[in-house]
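**Q** Just passing along the structure, written as structure tokens.
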Amino acid sequence: MEKNWKLETIAVQEGYTPENGGPRVVPITQSTTFKYDDAQSVAELFDLKRAGFFYTRLANPTVDCFEKKIAAMEGGVAAVATTSGQSANALAIMNIARAGDHIVSISSLYGGTFTLFASSMKKMGIEFSFISPEASDEELEKAIRPNTKAIFGETLANPALIVLDIERYAAIAHKHGLPLIVDNTFPTPVLCRPFEYGADIVTHSTTKYIDGHATSIGGIVVEKGGFPWDNGKFPDLVEPDVTYHGTSYLRDFPACPYSVKMRVQWIRDLGNPQTPFNAFLSMLGAETLPLRMEKHSSNAQKMAEFLANHPKVGWVNYHGLPSNDNNHLLAKKYLPDGCSGVLCFGVKGGSAAGERVMNALKLAAICVHVADIRTCVLHPASMTHRQLSEKELLAAGVSPDLIRLSVGIEHIDDIIADFSQALDKA
């Protein structure tokens, strides 16, 4: 990668370079396996002594190109693409934590991630402590234990939209020898690159803005590189792996030990790689990501201003609004080029009035999805977060009247007109 390339150029050019006479666009390598002329070549692949492809469960040329593109866009050294954002977050934790270990996480998580951490991974023996993203340094440090393996947060909490103070969290994590893992799904690397503020691992649900067209499920985990995995807290990255004839990931793959371990252990054993076709679609989406994020953000800013001035709207949560206090200041630091296309609001009259508004929309659709080119809405308390208790909902920043609005790239006048007529029916 040219060091002076801007993000827009990286998005288009990185990941795949055509050979002389080769296809201009990355081909879809829709094959489970790959042919070799001699047995030794395959043996060396299995022993991690050479790079290459032998079975798509571990690696595939199309997926490899997509991984390289997103790693370059985030400014990382390597990436591993997975079947979904859920699997990306699960593997990001499981790669460094085992039964008996502990993770500190912000409480205002996407509902699926909260359930994954608080229920499913708890059954695996990994314990989580959930704290407010606005917790003080003292509260955060108090939550860290001797067996803590990482701190986890979301750049923009879904759907609470609280901005994570990445630098502050990273400083505390590093003080205790821990990596900071940040889910960067909503901002994408176009609006925020967490590695520049001290994060060590970045995850995405590529299903959202990176794909951008609601066509393909996927996730990805990106490694910054350079974390001191040999500080005594992460023996699985340092000690020999008997399943690979004594390979030490840090010794043998010093540039990206975390990513290699994730691929050759967890992707191998759980069998959850991203499919070639989904990687192809997501790679196409990534190429236009800078253009789309600019439009999503500008539309959302205008939509937030419209809602904030509407007499039937009780409140609006969008960090482009100066009224958003501390989150507006954090957004100026971490999201200077736009606050993404997602906002939340509440209709006066509560959830019943909000439901009437949602049912009256014509352009915007009610979808259990977010962050694609089409405008959509949902009611998290009764949809995406319905498994959470009332206390957990409040901790996640989800009030009963909260409507999550994902602003698309349609003309803003048409979006506003649709909500205007719907609000008349509240």
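Note on naming: chains are A, B, ... as they come in the structure tokens, residues start from 1 per chain, ligands start from 1 in the order shown.
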Find the residues near Ala331 of chain A: any atom within 7 Å, counting only C-alpha atoms, skip ones fewer than 4 places away on the same chain, and give them as a PyMOL selection string.
**A** chain A and resi 163+319+327+335-336+339
**Q** Kindly export the residues of the current selection with N, CA and C atoms, as a CSV table (one decimal), in the first residue's frame.
**A**
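Result written to selection-v7.csv:
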```csv
chain,number,residue,atom,x,y,z
A,163,VAL,N,-20.9,7.7,22.4
A,163,VAL,CA,-19.6,7.7,21.8
A,163,VAL,C,-18.6,7.2,22.8
A,319,HIS,N,-25.4,12.8,17.5
A,319,HIS,CA,-24.3,13.5,18.1
A,319,HIS,C,-23.9,14.7,17.2
A,327,ASN,N,-21.6,13.8,24.5
A,327,ASN,CA,-21.4,13.0,23.3
A,327,ASN,C,-21.1,13.8,22.1
A,335,LEU,N,-15.4,11.6,15.6
A,335,LEU,CA,-16.2,11.5,14.4
A,335,LEU,C,-16.3,12.9,13.7
A,336,PRO,N,-15.1,13.5,13.4
A,336,PRO,CA,-15.1,14.9,12.9
A,336,PRO,C,-15.7,15.0,11.5
A,339,CYS,N,-21.4,11.8,11.8
A,339,CYS,CA,-21.8,10.9,12.9
A,339,CYS,C,-22.5,9.7,12.5
```
**Q** Report the residues of segment 251-312 of chain A whose backbone DSSP state falls under alpha helix (DSSP H), written as JSON, numbers by chain.
**A** {"A": [251, 252, 257, 258, 259, 260, 261, 268, 269, 270, 276, 277, 278, 279, 280, 281, 282, 283, 284, 285, 286, 287, 289, 290, 291, 292, 293, 294, 295, 296, 297, 298, 299, 300, 301, 302, 303, 304, 305, 306, 307, 308]}
**Q** Write to file, as a PDB file, in the first residue's frame, the residues of the selection just made, with C-alpha atoms.
**A**
```
ATOM      1  CA  ARG A 251       7.520 -16.337  17.744  1.00  0.00           C
ATOM      2  CA  ASP A 252       6.653 -17.661  14.290  1.00  0.00           C
ATOM      3  CA  PRO A 257       0.062 -13.557  15.888  1.00  0.00           C
ATOM      4  CA  TYR A 258      -3.516 -12.815  17.015  1.00  0.00           C
ATOM      5  CA  SER A 259      -4.922 -13.111  13.477  1.00  0.00           C
ATOM      6  CA  VAL A 260      -3.002 -16.258  12.597  1.00  0.00           C
ATOM      7  CA  LYS A 261      -4.129 -17.949  15.795  1.00  0.00           C
ATOM      8  CA  ARG A 268     -10.473 -24.255  11.596  1.00  0.00           C
ATOM      9  CA  ASP A 269     -12.349 -25.748  14.538  1.00  0.00           C
ATOM     10  CA  LEU A 270     -15.652 -23.865  14.451  1.00  0.00           C
ATOM     11  CA  PRO A 276     -16.494 -16.247  -1.087  1.00  0.00           C
ATOM     12  CA  PHE A 277     -19.687 -14.807  -2.572  1.00  0.00           C
ATOM     13  CA  ASN A 278     -20.483 -12.734   0.524  1.00  0.00           C
ATOM     14  CA  ALA A 279     -16.876 -11.511   0.612  1.00  0.00           C
ATOM     15  CA  PHE A 280     -17.193 -10.511  -3.054  1.00  0.00           C
ATOM     16  CA  LEU A 281     -20.388  -8.543  -2.394  1.00  0.00           C
ATOM     17  CA  SER A 282     -18.939  -6.923   0.727  1.00  0.00           C
ATOM     18  CA  MET A 283     -15.765  -5.997  -1.135  1.00  0.00           C
ATOM     19  CA  LEU A 284     -17.855  -4.216  -3.763  1.00  0.00           C
ATOM     20  CA  GLY A 285     -19.665  -2.402  -0.977  1.00  0.00           C
ATOM     21  CA  ALA A 286     -16.406  -1.360   0.688  1.00  0.00           C
ATOM     22  CA  GLU A 287     -15.234   0.299  -2.528  1.00  0.00           C
ATOM     23  CA  LEU A 289     -18.057   3.144   1.460  1.00  0.00           C
ATOM     24  CA  PRO A 290     -16.480   6.640   1.641  1.00  0.00           C
ATOM     25  CA  LEU A 291     -19.084   8.048  -0.746  1.00  0.00           C
ATOM     26  CA  ARG A 292     -21.975   6.403   1.056  1.00  0.00           C
ATOM     27  CA  MET A 293     -20.894   7.338   4.583  1.00  0.00           C
ATOM     28  CA  GLU A 294     -20.678  10.988   3.579  1.00  0.00           C
ATOM     29  CA  LYS A 295     -24.256  10.851   2.251  1.00  0.00           C
ATOM     30  CA  HIS A 296     -25.591   8.821   5.201  1.00  0.00           C
ATOM     31  CA  SER A 297     -24.080  11.313   7.638  1.00  0.00           C
ATOM     32  CA  SER A 298     -25.283  14.445   5.868  1.00  0.00           C
ATOM     33  CA  ASN A 299     -28.806  13.030   5.490  1.00  0.00           C
ATOM     34  CA  ALA A 300     -28.891  11.969   9.152  1.00  0.00           C
ATOM     35  CA  GLN A 301     -27.746  15.410  10.297  1.00  0.00           C
ATOM     36  CA  LYS A 302     -30.590  17.093   8.382  1.00  0.00           C
ATOM     37  CA  MET A 303     -33.061  14.475   9.602  1.00  0.00           C
ATOM     38  CA  ALA A 304     -31.986  14.987  13.232  1.00  0.00           C
ATOM     39  CA  GLU A 305     -32.464  18.744  12.873  1.00  0.00           C
ATOM     40  CA  PHE A 306     -35.931  18.222  11.391  1.00  0.00           C
ATOM     41  CA  LEU A 307     -37.007  15.874  14.192  1.00  0.00           C
ATOM     42  CA  ALA A 308     -35.530  18.079  16.906  1.00  0.00           C
TER      43      ALA A 308
END
```
**Q** Could you pull the residues within 7 Å of segment 47-56 of chain A, counting only C-alpha atoms, minus those fewer than 6 positions along the same chain, as number ranges by chain?
**A** A: 32-34, 244
**Q** Skipping near chain neighbours, those fewer than 4 positions away, what residues fall within 12 Å of Asp64 of chain A using only C-alpha atoms, listed as number ranges by chain?
**A** A: 14-16, 26-29, 51-53, 56-60, 68-71, 78-82, 220, 263, 273-276, 279-280, 283
**Q** Using the selection just defined, write its residues with C-alpha atoms as a PDB file, in the first residue's frame.
**A**
```pdb
ATOM      1  CA  GLU A  14      -6.387  -2.195  -1.870  1.00  0.00           C
ATOM      2  CA  GLY A  15      -6.919  -5.930  -1.467  1.00  0.00           C
ATOM      3  CA  TYR A  16      -6.658  -7.024  -5.083  1.00  0.00           C
ATOM      4  CA  VAL A  26     -11.649  -9.639  -7.971  1.00  0.00           C
ATOM      5  CA  PRO A  27     -12.925 -13.058  -9.133  1.00  0.00           C
ATOM      6  CA  ILE A  28     -15.281 -15.147  -7.017  1.00  0.00           C
ATOM      7  CA  THR A  29     -13.296 -18.281  -6.200  1.00  0.00           C
ATOM      8  CA  ALA A  51       1.244 -19.329   2.660  1.00  0.00           C
ATOM      9  CA  GLY A  52      -1.497 -20.436   0.315  1.00  0.00           C
ATOM     10  CA  PHE A  53      -4.938 -21.971   0.018  1.00  0.00           C
ATOM     11  CA  THR A  56     -11.923 -22.641   1.935  1.00  0.00           C
ATOM     12  CA  ARG A  57     -12.886 -23.273   5.550  1.00  0.00           C
ATOM     13  CA  LEU A  58      -9.531 -21.727   6.498  1.00  0.00           C
ATOM     14  CA  ALA A  59      -8.782 -19.368   3.634  1.00  0.00           C
ATOM     15  CA  ASN A  60      -9.993 -18.496   0.158  1.00  0.00           C
ATOM     16  CA  LYS A  68      -6.675  -7.245   3.048  1.00  0.00           C
ATOM     17  CA  LYS A  69      -8.886  -4.368   1.921  1.00  0.00           C
ATOM     18  CA  ILE A  70     -10.565  -3.906   5.314  1.00  0.00           C
ATOM     19  CA  ALA A  71      -7.263  -4.311   7.174  1.00  0.00           C
ATOM     20  CA  ALA A  78      -4.196  -8.425   9.178  1.00  0.00           C
ATOM     21  CA  ALA A  79      -7.864  -9.353   9.294  1.00  0.00           C
ATOM     22  CA  VAL A  80     -10.018 -12.483   9.544  1.00  0.00           C
ATOM     23  CA  ALA A  81     -13.462 -12.458   7.903  1.00  0.00           C
ATOM     24  CA  THR A  82     -16.242 -14.454   9.568  1.00  0.00           C
ATOM     25  CA  ILE A 220     -14.463  -9.246  10.335  1.00  0.00           C
ATOM     26  CA  ARG A 263      -7.680 -18.393  11.658  1.00  0.00           C
ATOM     27  CA  PRO A 273     -15.390 -18.326   7.666  1.00  0.00           C
ATOM     28  CA  GLN A 274     -17.047 -15.758   5.461  1.00  0.00           C
ATOM     29  CA  THR A 275     -18.203 -17.277   2.168  1.00  0.00           C
ATOM     30  CA  PRO A 276     -16.494 -16.247  -1.087  1.00  0.00           C
ATOM     31  CA  ALA A 279     -16.876 -11.511   0.612  1.00  0.00           C
ATOM     32  CA  PHE A 280     -17.193 -10.511  -3.054  1.00  0.00           C
ATOM     33  CA  MET A 283     -15.765  -5.997  -1.135  1.00  0.00           C
TER      34      MET A 283
END
```
**Q** Please provide as an NGL selection string all residues within 10 Å of segment 181-186 of chain A, with the sequence filter that same-chain residues fewer than 5 positions apart are discarded (counting only C-alpha atoms).
**A** :A and (74 or 85 or 88-89 or 92-93 or 105 or 109 or 150-159 or 161 or 164 or 166 or 169-170 or 173 or 191-195 or 198-210 or 219-223 or 293 or 339-342 or 370-371)
**Q** What would the file look like if the residues just selected were written as a compact mmCIF listing (two decimals), in the first residue's frame with N, CA and C atoms?
**A**
```
# COMPACT_ATOMS: atom_id res chain seq x y z
N GLU A 74 -8.66 0.06 7.85
CA GLU A 74 -8.58 0.32 9.29
C GLU A 74 -7.16 0.68 9.74
N GLY A 85 -21.27 -10.64 12.13
CA GLY A 85 -20.71 -9.78 13.16
C GLY A 85 -20.71 -10.44 14.52
N ALA A 88 -17.75 -12.61 14.69
CA ALA A 88 -16.54 -11.80 14.80
C ALA A 88 -16.29 -11.40 16.25
N ASN A 89 -17.33 -10.93 16.93
CA ASN A 89 -17.17 -10.54 18.33
C ASN A 89 -16.89 -11.74 19.23
N ALA A 92 -13.27 -12.73 18.63
CA ALA A 92 -12.36 -11.73 19.17
C ALA A 92 -12.09 -11.98 20.65
N ILE A 93 -13.11 -12.44 21.37
CA ILE A 93 -12.96 -12.76 22.79
C ILE A 93 -12.34 -14.14 22.98
N SER A 105 -16.67 -5.11 29.77
CA SER A 105 -17.36 -4.61 28.58
C SER A 105 -18.25 -3.43 28.95
N LEU A 109 -24.41 -2.16 24.84
CA LEU A 109 -24.10 -2.95 23.65
C LEU A 109 -25.33 -3.22 22.80
N ALA A 150 -9.36 -8.58 28.50
CA ALA A 150 -9.58 -7.51 27.52
C ALA A 150 -10.65 -6.57 28.02
N ILE A 151 -10.70 -5.39 27.40
CA ILE A 151 -11.80 -4.45 27.56
C ILE A 151 -12.47 -4.33 26.20
N PHE A 152 -13.82 -4.37 26.20
CA PHE A 152 -14.58 -4.37 24.95
C PHE A 152 -15.55 -3.19 24.93
N GLY A 153 -15.62 -2.52 23.78
CA GLY A 153 -16.56 -1.42 23.64
C GLY A 153 -17.00 -1.25 22.20
N GLU A 154 -17.99 -0.39 22.00
CA GLU A 154 -18.46 -0.03 20.67
C GLU A 154 -18.17 1.45 20.43
N THR A 155 -17.59 1.78 19.29
CA THR A 155 -17.30 3.18 18.99
C THR A 155 -18.55 4.02 19.13
N LEU A 156 -19.62 3.55 18.51
CA LEU A 156 -20.95 4.14 18.66
C LEU A 156 -21.88 3.04 19.13
N ALA A 157 -22.35 3.15 20.37
CA ALA A 157 -23.17 2.09 20.94
C ALA A 157 -24.47 1.96 20.14
N ASN A 158 -24.90 0.72 19.95
CA ASN A 158 -26.10 0.40 19.18
C ASN A 158 -27.18 -0.17 20.12
N PRO A 159 -28.32 0.52 20.30
CA PRO A 159 -28.75 1.75 19.64
C PRO A 159 -28.59 3.02 20.48
N LEU A 161 -26.16 4.91 20.97
CA LEU A 161 -25.36 5.91 20.26
C LEU A 161 -24.46 6.71 21.18
N LEU A 164 -17.81 6.19 22.48
CA LEU A 164 -16.79 5.66 23.38
C LEU A 164 -15.56 6.57 23.36
N ILE A 166 -12.34 6.42 23.24
CA ILE A 166 -11.40 5.34 22.92
C ILE A 166 -10.04 5.57 23.57
N TYR A 169 -10.17 4.74 27.33
CA TYR A 169 -10.29 3.30 27.56
C TYR A 169 -9.00 2.57 27.19
N ALA A 170 -8.38 2.98 26.10
CA ALA A 170 -7.13 2.34 25.67
C ALA A 170 -6.02 2.56 26.69
N ALA A 173 -6.68 0.26 29.61
CA ALA A 173 -6.43 -1.13 29.21
C ALA A 173 -4.93 -1.41 29.17
N LEU A 191 -15.30 7.07 9.04
CA LEU A 191 -15.57 8.12 10.01
C LEU A 191 -14.71 8.03 11.26
N CYS A 192 -14.20 6.84 11.58
CA CYS A 192 -13.33 6.68 12.75
C CYS A 192 -12.42 5.47 12.56
N ARG A 193 -11.14 5.65 12.87
CA ARG A 193 -10.19 4.53 12.84
C ARG A 193 -9.67 4.35 14.27
N PRO A 194 -10.28 3.43 15.01
CA PRO A 194 -9.95 3.29 16.44
C PRO A 194 -8.48 3.02 16.72
N PHE A 195 -7.75 2.40 15.78
CA PHE A 195 -6.33 2.14 16.01
C PHE A 195 -5.56 3.44 16.23
N GLY A 198 -5.58 4.22 19.92
CA GLY A 198 -5.05 3.28 20.89
C GLY A 198 -5.69 1.92 20.94
N ALA A 199 -6.79 1.69 20.20
CA ALA A 199 -7.40 0.36 20.19
C ALA A 199 -6.44 -0.66 19.60
N ASP A 200 -6.62 -1.92 19.98
CA ASP A 200 -5.72 -2.98 19.53
C ASP A 200 -6.38 -3.95 18.56
N ILE A 201 -7.67 -4.17 18.73
CA ILE A 201 -8.45 -5.06 17.86
C ILE A 201 -9.73 -4.32 17.47
N VAL A 202 -10.11 -4.40 16.20
CA VAL A 202 -11.35 -3.79 15.73
C VAL A 202 -12.22 -4.88 15.11
N THR A 203 -13.51 -4.85 15.43
CA THR A 203 -14.45 -5.78 14.82
C THR A 203 -15.50 -5.01 14.04
N HIS A 204 -16.14 -5.71 13.11
CA HIS A 204 -17.25 -5.14 12.34
C HIS A 204 -18.28 -6.22 12.07
N SER A 205 -19.53 -5.80 12.07
CA SER A 205 -20.54 -6.56 11.34
C SER A 205 -20.50 -6.00 9.93
N THR A 206 -19.88 -6.72 9.01
CA THR A 206 -19.79 -6.23 7.64
C THR A 206 -21.15 -6.26 6.95
N THR A 207 -22.12 -6.92 7.60
CA THR A 207 -23.50 -6.93 7.13
C THR A 207 -24.05 -5.52 7.00
N LYS A 208 -23.54 -4.60 7.80
CA LYS A 208 -24.08 -3.25 7.88
C LYS A 208 -23.47 -2.36 6.79
N TYR A 209 -22.85 -1.27 7.17
CA TYR A 209 -22.43 -0.28 6.17
C TYR A 209 -21.39 -0.80 5.18
N ILE A 210 -20.53 -1.72 5.59
CA ILE A 210 -19.48 -2.17 4.67
C ILE A 210 -20.10 -2.85 3.46
N GLY A 219 -18.85 -10.76 9.04
CA GLY A 219 -18.15 -10.04 10.09
C GLY A 219 -16.67 -10.04 9.79
N ILE A 220 -15.91 -9.24 10.52
CA ILE A 220 -14.46 -9.25 10.33
C ILE A 220 -13.79 -8.78 11.62
N VAL A 221 -12.61 -9.33 11.90
CA VAL A 221 -11.78 -8.95 13.04
C VAL A 221 -10.45 -8.46 12.49
N VAL A 222 -10.05 -7.25 12.88
CA VAL A 222 -8.82 -6.64 12.37
C VAL A 222 -7.84 -6.46 13.52
N GLU A 223 -6.59 -6.81 13.27
CA GLU A 223 -5.53 -6.69 14.27
C GLU A 223 -4.65 -5.49 13.94
N MET A 293 -20.90 6.84 3.21
CA MET A 293 -20.89 7.34 4.58
C MET A 293 -21.04 8.86 4.64
N CYS A 339 -21.37 11.78 11.80
CA CYS A 339 -21.77 10.93 12.91
C CYS A 339 -22.52 9.70 12.47
N SER A 340 -22.32 9.25 11.25
CA SER A 340 -22.95 8.05 10.72
C SER A 340 -24.43 8.33 10.41
N GLY A 341 -25.14 7.30 9.94
CA GLY A 341 -26.50 7.49 9.48
C GLY A 341 -27.58 7.02 10.42
N VAL A 342 -27.21 6.69 11.66
CA VAL A 342 -28.17 6.14 12.62
C VAL A 342 -28.48 7.18 13.70
N VAL A 370 -30.19 -2.42 9.90
CA VAL A 370 -29.73 -1.05 10.04
C VAL A 370 -28.53 -0.88 9.12
N ALA A 371 -28.30 0.35 8.69
CA ALA A 371 -27.06 0.71 8.02
C ALA A 371 -26.94 0.16 6.60
```
**Q** Measuring between only C-alpha atoms, which one of A:Thr375, A:Ser389, A:Ser323, A:Ser399 shows the shortest distance to Ser351 of chain A?
**A**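 Of A:Thr375, A:Ser389, A:Ser323, A:Ser399, the one nearest Ser351 of chain A is A:Ser399, counting only C-alpha atoms.
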**Q** Go through A:Ala214, A:Gln387, A:Lys333, A:Leu343 and flag the residue nearest Leu321 of chain A, using only C-alpha atoms for the distances.
**A**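 Nearest candidate to Leu321 of chain A out of A:Ala214, A:Gln387, A:Lys333, A:Leu343: A:Leu343.
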**Q** Can you tell me, as a VMD selection string, which residues in segment 49-269 of chain A count as strand (DSSP E) by DSSP?
**A** chain A and resid 78 to 82 102 to 106 127 to 131 148 to 154 180 to 183 201 to 205 219 to 223
**Q** Mind pulling up the distance from atom CA of Asp401 of chain A to atom CA of Ala352 of chain A?
**A**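 Atom-to-atom, atom CA of Ala352 of chain A to atom CA of Asp401 of chain A, that is 8.2 Å.
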**Q** Work out how far apart atom CA of Asn95 of chain A and atom CA of Phe234 of chain A are and give it in Å to one decimal.
**A** 9.8 Å
**Q** Would you work out the distance separating atom CA of Gly397 of chain A from atom CA of Pro133 of chain A, expressed in Å to one decimal?
**A** 10.6 Å
**Q** Show me, as a PyMOL selection string, the residues that have an atom within 12 Å of Gly354 of chain A when counting only C-alpha atoms, minus same-chain residues fewer than 4 positions from it.
**A** chain A and resi 312-314+344-350+358-361+377-380+400-405+419+422-426
